[in-house]
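Asks: Pasting target14.txt here (compact mmCIF, C-alpha atoms):
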```txt
# COMPACT_ATOMS: atom_id res chain seq x y z
CA MET I 1 29.13 -6.64 -7.15
CA MET I 2 29.46 -5.74 -3.49
CA LYS I 3 27.87 -7.37 -0.43
CA ARG I 4 27.37 -5.83 3.00
CA GLN I 5 25.29 -6.64 6.09
CA VAL I 6 23.05 -4.11 7.80
CA VAL I 7 20.89 -4.27 10.92
CA LEU I 8 17.65 -2.33 11.35
CA THR I 9 15.65 -1.96 14.53
CA VAL I 10 11.87 -2.06 14.28
CA SER I 11 11.56 1.72 14.31
CA GLU I 12 14.35 2.11 11.75
CA SER I 13 12.57 -0.40 9.52
CA LYS I 14 9.31 1.53 9.81
CA ARG I 15 11.06 4.74 8.78
CA LEU I 16 12.77 3.03 5.84
CA ILE I 17 9.53 1.45 4.63
CA ALA I 18 7.69 4.77 4.94
CA LYS I 19 10.32 6.54 2.85
CA ALA I 20 9.96 3.88 0.17
CA VAL I 21 6.16 4.12 0.12
CA ALA I 22 6.42 7.87 -0.40
CA ALA I 23 8.84 7.26 -3.29
CA MET I 24 6.65 4.76 -5.16
CA GLU I 25 5.55 5.89 -8.60
CA VAL I 26 1.91 4.93 -7.99
CA VAL I 27 1.93 7.08 -4.85
CA LYS I 28 3.50 10.03 -6.65
CA LYS I 29 0.88 9.76 -9.39
CA ALA I 30 -1.97 9.65 -6.89
CA LEU I 31 -0.49 12.66 -5.09
CA ASP I 32 -0.69 14.60 -8.34
CA ASP I 33 -4.14 13.65 -9.55
CA GLY I 34 -5.79 11.08 -7.31
CA ILE I 35 -6.77 10.08 -3.79
CA ILE I 36 -4.55 8.50 -1.14
CA VAL I 37 -5.89 7.05 2.10
CA ILE I 38 -3.47 6.32 4.94
CA ALA I 39 -5.23 4.02 7.39
CA LYS I 40 -4.15 4.28 11.02
CA GLY I 41 -1.34 2.07 12.29
CA SER I 42 2.19 2.24 13.65
CA THR I 43 4.05 1.94 10.34
CA ASN I 44 1.53 4.21 8.67
CA SER I 45 2.21 6.93 11.24
CA TYR I 46 5.67 7.12 9.66
CA VAL I 47 4.09 7.13 6.20
CA VAL I 48 2.03 10.14 7.25
CA GLU I 49 5.21 11.98 8.22
CA GLU I 50 6.93 11.14 4.94
CA LEU I 51 3.96 12.14 2.76
CA LEU I 52 3.17 15.33 4.69
CA SER I 53 6.87 16.19 5.16
CA LYS I 54 6.30 17.03 8.80
CA LYS I 55 6.55 15.40 12.19
CA ILE I 56 3.43 14.25 14.02
CA ASP I 57 2.85 12.71 17.44
CA LYS I 58 2.75 9.19 16.08
CA ARG I 59 0.91 7.97 19.18
CA ALA I 60 -2.11 9.86 17.85
CA TYR I 61 -2.22 7.72 14.71
CA LEU I 62 -2.24 4.26 16.25
CA THR I 63 -4.95 1.63 16.36
CA GLY I 64 -5.18 -2.00 17.42
CA MET I 65 -1.86 -1.98 19.29
CA VAL I 66 -0.04 -5.00 20.69
CA THR I 67 1.82 -4.01 23.87
CA PRO I 68 3.47 -5.76 26.82
CA THR I 69 1.95 -5.76 30.30
CA LYS I 70 4.01 -2.69 31.15
CA PRO I 71 4.54 -0.80 27.88
CA LEU I 72 7.30 1.75 27.49
CA THR I 73 5.94 5.27 27.74
CA SER I 74 7.34 8.61 26.69
CA GLY I 75 6.14 10.32 29.87
CA MET I 76 4.28 12.85 27.74
CA PRO I 77 0.53 13.47 28.06
CA LYS I 78 -1.57 11.24 25.85
CA PRO I 79 -2.39 13.09 22.61
CA GLU I 80 -5.84 13.48 21.11
CA PRO I 81 -6.39 11.01 18.26
CA MET I 82 -5.72 12.47 14.81
CA ARG I 83 -8.24 12.47 12.01
CA ASP I 84 -7.64 9.97 9.25
CA ILE I 85 -5.30 11.39 6.63
CA VAL I 86 -6.92 11.40 3.19
CA LEU I 87 -5.06 13.25 0.46
CA VAL I 88 -6.92 14.50 -2.60
CA LYS I 89 -4.44 15.68 -5.21
CA GLY I 90 -1.87 16.02 -2.45
CA VAL I 91 -4.03 18.10 -0.12
CA VAL I 92 -5.55 16.82 3.12
CA ASP I 93 -9.33 16.58 2.77
CA GLU I 94 -10.85 16.72 6.26
CA SER I 95 -14.31 15.90 4.93
CA LEU I 96 -13.19 12.30 4.23
CA ASP I 97 -11.97 9.47 6.41
CA ARG I 98 -10.65 5.97 5.79
CA PHE I 99 -14.21 4.64 5.39
CA THR I 100 -15.98 7.36 3.39
CA ALA I 101 -13.05 8.00 1.04
CA VAL I 102 -13.43 4.65 -0.75
CA GLU I 103 -16.84 5.75 -2.02
CA LYS I 104 -15.13 8.51 -4.01
CA MET I 105 -12.02 6.58 -5.00
CA SER I 106 -11.49 4.98 -8.39
CA ARG I 107 -9.04 2.84 -10.36
CA GLY I 108 -5.46 3.89 -9.71
CA ASP I 109 -6.12 5.62 -6.40
CA VAL I 110 -4.10 4.36 -3.44
CA TYR I 111 -5.16 2.85 -0.11
CA ILE I 112 -2.34 2.26 2.39
CA LYS I 113 -3.01 -0.30 5.11
CA GLY I 114 -0.57 -2.02 7.43
CA ALA I 115 -0.66 -5.69 8.42
CA ASN I 116 -0.04 -7.94 11.41
CA ALA I 117 1.31 -11.03 9.67
CA LEU I 118 3.20 -11.78 6.47
CA ASN I 119 3.98 -14.94 4.58
CA TYR I 120 6.67 -13.59 2.28
CA LYS I 121 6.80 -16.58 -0.05
CA GLU I 122 3.03 -16.44 -0.62
CA LYS I 123 3.14 -12.64 -0.89
CA VAL I 124 0.07 -12.63 1.34
CA ALA I 125 -0.40 -10.49 4.44
CA GLY I 126 -2.81 -11.00 7.31
CA ILE I 127 -4.73 -8.32 9.18
CA LEU I 128 -6.09 -8.97 12.67
CA ILE I 129 -9.75 -8.08 13.07
CA GLY I 130 -11.06 -7.48 16.56
CA SER I 131 -14.45 -5.98 15.73
CA GLU I 132 -17.55 -7.81 14.56
CA ASP I 133 -18.05 -5.44 11.61
CA GLY I 134 -14.72 -6.37 10.03
CA GLY I 135 -12.75 -3.30 11.06
CA THR I 136 -11.06 -1.01 8.56
CA ILE I 137 -10.19 -3.64 5.99
CA GLY I 138 -13.52 -5.43 6.28
CA LYS I 139 -15.45 -2.24 5.58
CA THR I 140 -13.29 -1.14 2.64
CA ILE I 141 -11.99 -4.23 0.86
CA GLY I 142 -15.05 -4.51 -1.38
CA HIS I 143 -14.44 -1.04 -2.83
CA ILE I 144 -10.69 -1.68 -3.04
CA VAL I 145 -11.12 -4.89 -5.02
CA GLY I 146 -14.17 -3.86 -7.03
CA LYS I 147 -12.77 -0.52 -8.14
CA LYS I 148 -9.19 -1.80 -8.61
CA ILE I 149 -7.83 0.65 -6.06
CA ILE I 150 -4.12 0.06 -5.43
CA LEU I 151 -3.67 -1.48 -1.98
CA ILE I 152 -0.20 -0.83 -0.55
CA ILE I 153 0.72 -2.93 2.48
CA PRO I 154 3.72 -1.56 4.41
CA VAL I 155 4.83 -4.34 6.75
CA GLY I 156 8.14 -5.09 8.44
CA LEU I 157 9.85 -8.47 8.25
CA GLU I 158 9.43 -8.74 12.03
CA LYS I 159 5.87 -9.91 11.23
CA LEU I 160 6.88 -12.96 9.21
CA VAL I 161 4.95 -16.18 9.86
CA TYR I 162 5.87 -19.56 8.43
CA GLU I 163 2.42 -21.03 7.81
CA SER I 164 0.04 -20.11 5.03
CA ILE I 165 -1.97 -17.01 5.89
CA TRP I 166 -4.99 -18.72 4.32
CA GLU I 167 -4.60 -21.71 6.64
CA LEU I 168 -4.08 -19.47 9.67
CA ALA I 169 -7.23 -17.54 8.76
CA ARG I 170 -9.20 -20.78 8.45
CA LYS I 171 -8.17 -21.76 11.97
CA MET I 172 -8.54 -18.34 13.59
CA ASN I 173 -11.89 -17.55 11.98
CA SER I 174 -13.62 -20.76 13.01
CA PRO I 175 -16.55 -20.43 15.46
CA ASP I 176 -14.66 -22.27 18.22
CA SER I 177 -11.67 -19.89 18.08
CA GLU I 178 -11.22 -17.14 20.67
CA GLY I 179 -9.41 -13.85 20.05
CA PRO I 180 -9.13 -11.73 16.90
CA SER I 181 -9.97 -13.04 13.45
CA LEU I 182 -7.51 -12.86 10.57
CA MET I 183 -8.17 -11.54 7.06
CA PRO I 184 -5.76 -12.51 4.27
CA VAL I 185 -4.99 -9.62 1.91
CA THR I 186 -2.91 -9.21 -1.22
CA GLY I 187 -1.54 -6.05 -2.74
CA LEU I 188 1.75 -4.22 -3.15
CA ILE I 189 3.64 -5.51 -0.13
CA VAL I 190 6.50 -3.24 0.97
CA THR I 191 8.96 -4.72 3.45
CA GLU I 192 12.52 -3.62 4.09
CA ILE I 193 13.51 -5.71 1.05
CA GLU I 194 11.22 -3.84 -1.35
CA ALA I 195 12.04 -0.54 0.35
CA LEU I 196 15.75 -0.85 -0.37
CA LYS I 197 15.09 -1.92 -3.96
CA ILE I 198 12.85 1.12 -4.47
CA LEU I 199 15.20 3.62 -2.84
CA THR I 200 18.65 2.42 -3.90
CA GLY I 201 18.29 -0.53 -6.26
CA VAL I 202 20.09 -3.09 -4.08
CA ASN I 203 18.91 -6.65 -3.57
CA ALA I 204 18.38 -7.59 0.07
CA ILE I 205 17.96 -10.92 1.83
CA LEU I 206 16.85 -11.49 5.41
CA VAL I 207 19.60 -13.52 7.12
CA SER I 208 18.75 -13.26 10.82
CA SER I 209 16.45 -11.53 13.27
CA GLY I 210 16.29 -10.38 16.87
CA GLY I 211 18.39 -8.66 19.46
CA ILE I 212 18.25 -7.20 22.96
CA ALA I 213 18.26 -3.83 24.72
CA GLY I 214 16.04 -2.20 22.14
CA ALA I 215 16.92 -4.39 19.17
CA GLU I 216 14.15 -6.92 19.82
CA GLY I 217 12.51 -7.60 16.47
CA ALA I 218 15.49 -6.21 14.58
CA VAL I 219 16.40 -7.66 11.19
CA ARG I 220 19.81 -8.34 9.69
CA LEU I 221 19.89 -7.99 5.92
CA LEU I 222 22.52 -9.01 3.41
CA ILE I 223 22.50 -6.38 0.69
CA GLU I 224 24.04 -6.83 -2.73
CA GLY I 225 24.52 -4.42 -5.58
CA THR I 226 27.01 -2.30 -7.42
CA LYS I 227 29.52 -0.32 -5.39
CA GLU I 228 27.48 2.81 -6.05
CA GLN I 229 24.20 1.18 -4.99
CA VAL I 230 25.66 -0.26 -1.79
CA GLU I 231 27.31 3.02 -0.84
CA LYS I 232 24.04 4.84 -1.50
CA THR I 233 22.26 2.32 0.74
CA LEU I 234 24.74 2.71 3.57
CA SER I 235 24.48 6.50 3.34
CA LEU I 236 20.68 6.31 3.37
CA LEU I 237 20.65 4.04 6.40
CA GLN I 238 22.89 6.43 8.29
CA THR I 239 20.11 9.01 8.03
CA ILE I 240 17.63 6.73 9.81
CA LYS I 241 20.00 5.09 12.29
CA GLY I 242 18.95 5.92 15.84
CA GLU I 243 15.27 6.36 14.94
CA PRO I 244 13.70 6.37 18.41
CA PRO I 245 11.36 3.54 19.39
CA LEU I 246 7.65 4.21 19.21
CA MET I 247 6.42 4.48 22.80
CA LEU I 248 3.00 5.22 24.25
```
Can I see the file as structure tokens?
Replies:
Amino acid sequence: MMKRQVVLTVSESKRLIAKAVAAMEVVKKALDDGIIVIAKGSTNSYVVEELLSKKIDKRAYLTGMVTPTKPLTSGMPKPEPMRDIVLVKGVVDESLDRFTAVEKMSRGDVYIKGANALNYKEKVAGILIGSEDGGTIGKTIGHIVGKKIILIIPVGLEKLVYESIWELARKMNSPDSEGPSLMPVTGLIVTEIEALKILTGVNAILVSSGGIAGAEGAVRLLIEGTKEQVEKTLSLLQTIKGEPPLML
């Protein structure tokens, strides 16, 4: 077996995770004969590109952003928001959106929704909710659970938290708490670890995080596999190295 260390910036991680989501067997099956909803979000903007095999202005597919006081900007005019991408047998259906699609979805269809927090040991993600009607997940989770729709949660390891998501939700959702609420969700969680397993078969472990000068939020992974698997991984990562940061 061979071991190597790799470092991924936040944008590189998003690209890697998106490639893995597009390669998942349940996604391929739904592309052929089902429905796929890609809810808006930063990681999901990369998923849109991978599933549609074309570039988009990812700024047009964002929602509920967390930014610094002076966010980095591209200097380009602000784009018009994109319609929600709903694929029916692999074709974009403009008559549906992320809310109405669940009414037509059934067992085995796929709903892709990002997250804001992740407790990896629990395999539970948390989604911030800033609206009183429950936002995207609040309006759709009943259909997702009741119909046994496959919920895929692409989320980078940058969003790890150390406390139980259930306990955090209890605290954040209490009447005396200010700010967004938090909804715990379970599903097929896809981090960089799962992404590499899906795409190349290697095992990956998070060994450190962080950086400066554009590597803030970066993750360092120890990958382990056969010589062929590790070489395949290193070659794959070379194709996403230098993925530009997502700016407004």
Asks: Which residues of region 37-152 of chain I sit at most 8 Å from region 167-182 of chain I, using all atoms listed in the file? Give each one's shortest atom pair and distance in Å (one decimal place), in chain and ascending residue order, as a tab-separated table.
Replies:
```
residue	atom	partner	partner_atom	distance
I:Gly126	CA	I:Leu182	CA	6.0
I:Ile127	CA	I:Leu182	CA	5.5
I:Leu128	CA	I:Leu182	CA	4.6
I:Ile129	CA	I:Ser181	CA	5.0
I:Gly130	CA	I:Pro180	CA	4.7
I:Ser131	CA	I:Pro180	CA	7.9
```
Asks: Residues of the last selection are to be written out with C-alpha atoms, as an mmCIF file, in the coordinates of the input.
Replies:
```
data_model
loop_
_atom_site.group_PDB
_atom_site.id
_atom_site.type_symbol
_atom_site.label_atom_id
_atom_site.label_comp_id
_atom_site.auth_asym_id
_atom_site.auth_seq_id
_atom_site.Cartn_x
_atom_site.Cartn_y
_atom_site.Cartn_z
ATOM 1 C CA GLY I 126 -2.810 -11.000 7.310
ATOM 2 C CA ILE I 127 -4.730 -8.320 9.180
ATOM 3 C CA LEU I 128 -6.090 -8.970 12.670
ATOM 4 C CA ILE I 129 -9.750 -8.080 13.070
ATOM 5 C CA GLY I 130 -11.060 -7.480 16.560
ATOM 6 C CA SER I 131 -14.450 -5.980 15.730
#
```
Asks: Show me, as JSON lines, the residues of region 130-218 of chain I having an atom within 12 Å of region 5-24 of chain I, each with the closest atom pair and its distance in Å, using only C-alpha atoms.
Replies:
```
{"residue": "I:Ile150", "atom": "CA", "partner": "I:Met24", "partner_atom": "CA", "distance": 11.8}
{"residue": "I:Leu151", "atom": "CA", "partner": "I:Val21", "partner_atom": "CA", "distance": 11.5}
{"residue": "I:Ile152", "atom": "CA", "partner": "I:Val21", "partner_atom": "CA", "distance": 8.1}
{"residue": "I:Ile153", "atom": "CA", "partner": "I:Val21", "partner_atom": "CA", "distance": 9.2}
{"residue": "I:Pro154", "atom": "CA", "partner": "I:Ile17", "partner_atom": "CA", "distance": 6.5}
{"residue": "I:Val155", "atom": "CA", "partner": "I:Ile17", "partner_atom": "CA", "distance": 7.8}
{"residue": "I:Gly156", "atom": "CA", "partner": "I:Ser13", "partner_atom": "CA", "distance": 6.5}
{"residue": "I:Leu157", "atom": "CA", "partner": "I:Ser13", "partner_atom": "CA", "distance": 8.6}
{"residue": "I:Glu158", "atom": "CA", "partner": "I:Val10", "partner_atom": "CA", "distance": 7.5}
{"residue": "I:Lys159", "atom": "CA", "partner": "I:Val10", "partner_atom": "CA", "distance": 10.3}
{"residue": "I:Leu188", "atom": "CA", "partner": "I:Val21", "partner_atom": "CA", "distance": 10.0}
{"residue": "I:Ile189", "atom": "CA", "partner": "I:Val21", "partner_atom": "CA", "distance": 10.0}
{"residue": "I:Val190", "atom": "CA", "partner": "I:Ile17", "partner_atom": "CA", "distance": 6.7}
{"residue": "I:Thr191", "atom": "CA", "partner": "I:Ile17", "partner_atom": "CA", "distance": 6.3}
{"residue": "I:Glu192", "atom": "CA", "partner": "I:Ile17", "partner_atom": "CA", "distance": 5.9}
{"residue": "I:Ile193", "atom": "CA", "partner": "I:Ile17", "partner_atom": "CA", "distance": 8.9}
{"residue": "I:Glu194", "atom": "CA", "partner": "I:Ala20", "partner_atom": "CA", "distance": 8.0}
{"residue": "I:Ala195", "atom": "CA", "partner": "I:Ala20", "partner_atom": "CA", "distance": 4.9}
{"residue": "I:Leu196", "atom": "CA", "partner": "I:Ala20", "partner_atom": "CA", "distance": 7.5}
{"residue": "I:Lys197", "atom": "CA", "partner": "I:Ala20", "partner_atom": "CA", "distance": 8.8}
{"residue": "I:Ile198", "atom": "CA", "partner": "I:Ala20", "partner_atom": "CA", "distance": 6.1}
{"residue": "I:Leu199", "atom": "CA", "partner": "I:Ala20", "partner_atom": "CA", "distance": 6.0}
{"residue": "I:Thr200", "atom": "CA", "partner": "I:Ala20", "partner_atom": "CA", "distance": 9.7}
{"residue": "I:Gly201", "atom": "CA", "partner": "I:Ala20", "partner_atom": "CA", "distance": 11.4}
{"residue": "I:Val202", "atom": "CA", "partner": "I:Gln5", "partner_atom": "CA", "distance": 12.0}
{"residue": "I:Asn203", "atom": "CA", "partner": "I:Gln5", "partner_atom": "CA", "distance": 11.6}
{"residue": "I:Ala204", "atom": "CA", "partner": "I:Gln5", "partner_atom": "CA", "distance": 9.2}
{"residue": "I:Ile205", "atom": "CA", "partner": "I:Gln5", "partner_atom": "CA", "distance": 9.5}
{"residue": "I:Leu206", "atom": "CA", "partner": "I:Gln5", "partner_atom": "CA", "distance": 9.8}
{"residue": "I:Val207", "atom": "CA", "partner": "I:Gln5", "partner_atom": "CA", "distance": 9.0}
{"residue": "I:Ser208", "atom": "CA", "partner": "I:Val7", "partner_atom": "CA", "distance": 9.2}
{"residue": "I:Ser209", "atom": "CA", "partner": "I:Val7", "partner_atom": "CA", "distance": 8.8}
{"residue": "I:Gly210", "atom": "CA", "partner": "I:Thr9", "partner_atom": "CA", "distance": 8.8}
{"residue": "I:Gly211", "atom": "CA", "partner": "I:Thr9", "partner_atom": "CA", "distance": 8.8}
{"residue": "I:Ile212", "atom": "CA", "partner": "I:Thr9", "partner_atom": "CA", "distance": 10.3}
{"residue": "I:Ala213", "atom": "CA", "partner": "I:Thr9", "partner_atom": "CA", "distance": 10.7}
{"residue": "I:Gly214", "atom": "CA", "partner": "I:Thr9", "partner_atom": "CA", "distance": 7.6}
{"residue": "I:Ala215", "atom": "CA", "partner": "I:Thr9", "partner_atom": "CA", "distance": 5.4}
{"residue": "I:Glu216", "atom": "CA", "partner": "I:Thr9", "partner_atom": "CA", "distance": 7.4}
{"residue": "I:Gly217", "atom": "CA", "partner": "I:Val10", "partner_atom": "CA", "distance": 6.0}
{"residue": "I:Ala218", "atom": "CA", "partner": "I:Thr9", "partner_atom": "CA", "distance": 4.3}
```
Asks: Would you kindly return, as a ChimeraX atom specification, each protein, DNA or RNA residue with an atom no farther than 7 Å from any atom of region 80-85 of chain I, considering all atoms listed in the file and excluding same-chain residues fewer than 2 positions away?
Replies: /I:37-40,60-61,78,87,92,97-98
Asks: (-2.4, 16.8, -3.2) in this file's frame - what residues fall within 8 Å of it? Use all atoms listed in the file and give the answer as a list in words.
Replies: Leu31, Asp32, Asp33, Gly34, Leu87, Val88, Lys89, Gly90, Val91 and Val92 of chain I
Asks: Take the residues from that selection and write them out as a PDB file, keeping the file's coordinate frame, keeping C-alpha atoms.
Replies:
```
ATOM      1  CA  LEU I  31      -0.490  12.660  -5.090  1.00  0.00           C
ATOM      2  CA  ASP I  32      -0.690  14.600  -8.340  1.00  0.00           C
ATOM      3  CA  ASP I  33      -4.140  13.650  -9.550  1.00  0.00           C
ATOM      4  CA  GLY I  34      -5.790  11.080  -7.310  1.00  0.00           C
ATOM      5  CA  LEU I  87      -5.060  13.250   0.460  1.00  0.00           C
ATOM      6  CA  VAL I  88      -6.920  14.500  -2.600  1.00  0.00           C
ATOM      7  CA  LYS I  89      -4.440  15.680  -5.210  1.00  0.00           C
ATOM      8  CA  GLY I  90      -1.870  16.020  -2.450  1.00  0.00           C
ATOM      9  CA  VAL I  91      -4.030  18.100  -0.120  1.00  0.00           C
ATOM     10  CA  VAL I  92      -5.550  16.820   3.120  1.00  0.00           C
TER      11      VAL I  92
END
```
Asks: Would you list the contacts of Gly225 (chain I) as a ChimeraX atom specification, taking every protein, DNA or RNA residue within 6 Å and counting all atoms listed in the file, but skipping same-chain residues closer than 3 positions in sequence?
Replies: /I:1-2,202,229-230
Asks: Go ahead and dump the residues you just picked, C-alpha atoms, as a compact mmCIF listing (two decimals), in the coordinates of the input.
Replies:
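Written output follows (part.txt):
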```txt
# COMPACT_ATOMS: atom_id res chain seq x y z
CA MET I 1 29.13 -6.64 -7.15
CA MET I 2 29.46 -5.74 -3.49
CA VAL I 202 20.09 -3.09 -4.08
CA GLN I 229 24.20 1.18 -4.99
CA VAL I 230 25.66 -0.26 -1.79
```
Asks: Given the choices I:Gly138, I:Pro77, I:Pro68, I:Pro184, which gets closest to Lys123 (chain I) if the distance is worked out from all atoms listed in the file?
Replies: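 That would be I:Pro184, the residue with the smallest distance to Lys123 (chain I).
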Asks: Which residue, I:Val185, I:Leu118, I:Ile35, I:Leu234, has the smallest gap to Leu222 (chain I) when you use all atoms listed in the file?
Replies: I:Leu234
Asks: For a test of reading the model, state the distance in Å between CA of Asp109 (chain I) and CA of Lys147 (chain I), rounded to one decimal.
Replies: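 Here the two named atoms are 9.2 Å from each other.
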Asks: Using Å and a single decimal, report how far CA of Met76 (chain I) sits from CA of Thr63 (chain I).
Replies: 18.5 Å
Asks: May I have the protein, DNA and RNA residues with an atom at most 10 Å from (-11.9, 7.3, -6.4), counting only C-alpha atoms in the file's coordinates, returned as a PDB file with C-alpha atoms, in the coordinates of the input?
Replies:
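Here's the written file part_16.pdb:
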```pdb
ATOM      1  CA  GLY I  34      -5.790  11.080  -7.310  1.00  0.00           C
ATOM      2  CA  ILE I  35      -6.770  10.080  -3.790  1.00  0.00           C
ATOM      3  CA  ILE I  36      -4.550   8.500  -1.140  1.00  0.00           C
ATOM      4  CA  VAL I  88      -6.920  14.500  -2.600  1.00  0.00           C
ATOM      5  CA  ALA I 101     -13.050   8.000   1.040  1.00  0.00           C
ATOM      6  CA  VAL I 102     -13.430   4.650  -0.750  1.00  0.00           C
ATOM      7  CA  GLU I 103     -16.840   5.750  -2.020  1.00  0.00           C
ATOM      8  CA  LYS I 104     -15.130   8.510  -4.010  1.00  0.00           C
ATOM      9  CA  MET I 105     -12.020   6.580  -5.000  1.00  0.00           C
ATOM     10  CA  SER I 106     -11.490   4.980  -8.390  1.00  0.00           C
ATOM     11  CA  ARG I 107      -9.040   2.840 -10.360  1.00  0.00           C
ATOM     12  CA  GLY I 108      -5.460   3.890  -9.710  1.00  0.00           C
ATOM     13  CA  ASP I 109      -6.120   5.620  -6.400  1.00  0.00           C
ATOM     14  CA  VAL I 110      -4.100   4.360  -3.440  1.00  0.00           C
ATOM     15  CA  HIS I 143     -14.440  -1.040  -2.830  1.00  0.00           C
ATOM     16  CA  ILE I 144     -10.690  -1.680  -3.040  1.00  0.00           C
ATOM     17  CA  LYS I 147     -12.770  -0.520  -8.140  1.00  0.00           C
ATOM     18  CA  LYS I 148      -9.190  -1.800  -8.610  1.00  0.00           C
ATOM     19  CA  ILE I 149      -7.830   0.650  -6.060  1.00  0.00           C
TER      20      ILE I 149
END
```
Asks: Would you compute the distance between CA of Thr239 (chain I) and CA of Val219 (chain I)? Give it in Å to one decimal.
Replies: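 We find that CA of Thr239 (chain I) and CA of Val219 (chain I) lie 17.4 Å from each other.
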Asks: Let me have the centre and edge lengths in Å, one decimal, of the box along x, y and z around every listed atom of region 77-93 of chain I with 3 Å of margin on each side, as AutoDock Vina command-line options.
Replies:
```
--center_x -4.4 --center_y 14.0 --center_z 11.4 --size_x 15.9 --size_y 14.1 --size_z 39.3
```
Asks: Ranking I:Tyr46, I:Glu25, I:Lys3, I:Lys139 by minimum distance to Lys227 (chain I) and counting all atoms listed in the file, which one comes first?
Replies: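 Closest to Lys227 (chain I) of all the choices is I:Lys3.
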